[in-house]
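Chemist: Before I ask anything, let me first share the structure, which is written out below as C-alpha cells.
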Amino acid sequence: HELTHAFVFEISRGAADWDLHEGLAQHFEGRRVGPLPAGFRKAAASGTLAGVRERYLAALSFVTFLLDQGGQPALNQLLAEIGRRGDSELAWLAAFGRSKSDLRAAWIEALPDGHP
C-alpha cells in the first residue's frame, strides 16, 4: 500500500489527487469493490460521501472504473501526464480521451442502481 503511494507520488511528481493515490494503493493491496452501501451512488453524485469508509470505497471504485476503461497502460500514462502537466484536463484527455469530469460522471452512471 505505502509503496504504491511512493510510486504514484514519484511518477506524478506529487500532483496526483487523493482519489488516485488511495484508489491505486487499495487496488494494488488486493482490495476489490464489494457491495456498495445504500445511498452510495446518490452521495457520490452530490459529493456528499459520509465519512472515511465511503471516501476510500469511492476512490477504489473510481480507480476500478478507470482500469476497466483503459487498463493499467492508461493509468500509467495518466500519472506520467499529471507529472508533466499537473492534474489538468489535458492529462486526462491524453490518457483516456475524456475529461476527468466526464469520466467521473460515467463512473457514477455505471454504479449499480440496486445500491443508489
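As shown in the C-alpha cells, the chain order sets the letters A, B, ...; within each chain, residues go from 1, and ligands are also counted from 1 in the order they appear.
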Quick one: everything within 9 Å of A:Lys42, counting only C-alpha atoms, minus sequence neighbours fewer than 5 positions away in the same chain. Send it as a CSV table (one decimal) with C-alpha atoms, in the first residue's frame.
Modeler:
```csv
chain,number,residue,atom,x,y,z
A,47,GLY,CA,-20.2,15.0,-3.4
A,48,THR,CA,-21.6,14.2,0.0
A,49,LEU,CA,-19.9,10.9,0.8
A,108,ILE,CA,-21.3,7.5,-11.2
A,116,PRO,CA,-28.2,4.0,-5.2
```
Chemist: Give me the residues near A:His21 as a ChimeraX atom specification, where near means some atom within 7 Å (using only C-alpha atoms) and where sequence neighbours in that chain fewer than 4 positions away do not count.
Modeler: /A:5,8,16-17,25
Chemist: Mind checking DSSP for stretch 5-106 of chain A and telling me the helix (DSSP H, G or I) residues as an MDAnalysis selection string?
Modeler: chainID A and resid 5:12 18:29 40:46 51:85 89:96 100:106
Chemist: I'd like the interatomic distance between atom CA of A:Ala74 and atom CA of A:Phe96, to a tenth of an Å.
Modeler: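 Computing it gives 6.3 Å between the two atoms.
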Chemist: Take atom CA of A:Ser61 and atom CA of A:Val33 and report the distance between them in Å, one decimal.
Modeler: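 These atoms are spaced 6.1 Å apart.
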Chemist: Name the closest residue to A:Arg32 among the candidates A:Ser88, A:Thr64, A:Gln72, A:Ser12; distances are taken between atoms, counting only C-alpha atoms.
Modeler: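 Among the listed residues, A:Thr64 lies closest to A:Arg32.
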Chemist: Env of stretch 109-112 of chain A: 10 Å cut, atoms = only C-alpha atoms, seq-sep filter 2 positions within chain, self excluded. Answer as a list of chain:residue names.
Modeler: A:Pro35, A:Leu36, A:Phe40, A:Arg41, A:Lys42, A:Ala44, A:Ala45, A:Ser61, A:Phe62, A:Phe65, A:Leu103, A:Arg104, A:Ala105, A:Ala106, A:Trp107, A:Gly114, A:His115, A:Pro116
Chemist: A:Lys100, A:Arg55, A:His1, A:Arg13: which is nearest A:Glu81, counting only C-alpha atoms?
Modeler: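 Of A:Lys100, A:Arg55, A:His1, A:Arg13, the one nearest A:Glu81, counting only C-alpha atoms, is A:Arg13.
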Chemist: Counting only C-alpha atoms, which of A:Leu20, A:Ala91, A:Ala80, A:Leu75 gets nearest to A:Ala58?
Modeler: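 Looking only at the distances to A:Ala58, the closest residue turns out to be A:Leu20.
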Chemist: Which is closer to A:Gly71 than all the others in A:Ala95, A:Leu3, A:Ala15, A:Ala43, using only C-alpha atoms?
Modeler: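 Closest residue, counting only C-alpha atoms: A:Ala95.
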Chemist: Could you list, as a ChimeraX atom specification, every residue within 12 Å of A:Gly97, counting only C-alpha atoms and ignoring same-chain residues fewer than 6 positions away?
Modeler: /A:66,69-70,74,77-78,89-91,103
Chemist: Keeping C-alpha atoms for every residue in the selection just given, could you write it to a file as a compact mmCIF listing (two decimals), in the first residue's frame?
Modeler:
```
# COMPACT_ATOMS: atom_id res chain seq x y z
CA LEU A 66 -10.61 3.68 -14.81
CA GLN A 69 -11.88 1.96 -19.27
CA GLY A 70 -8.23 1.89 -20.29
CA ALA A 74 -3.91 4.32 -19.49
CA GLN A 77 0.03 7.35 -18.91
CA LEU A 78 -2.30 9.44 -16.75
CA GLU A 89 -7.88 18.16 -18.14
CA LEU A 90 -5.08 17.79 -20.72
CA ALA A 91 -3.55 14.96 -18.68
CA LEU A 103 -15.02 10.09 -16.52
```
Chemist: Excluding same-chain residues fewer than 4 positions from A:Arg31, what lies within 12 Å of it counting only C-alpha atoms, as a ChimeraX atom specification?
Modeler: /A:1,22-27,56-57,59-61,63-64
Chemist: Determine the nearest neighbour of A:Pro73 from the options A:Arg53, A:Arg85, A:Ala94, A:Phe9, counting only C-alpha atoms.
Modeler: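 Using only C-alpha atoms, the shortest distance to A:Pro73 belongs to A:Ala94.
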Chemist: Just the number, please: distance in Å from atom CA of A:Ala6 to atom CA of A:Asp68, one decimal.
Modeler: 23.4 Å
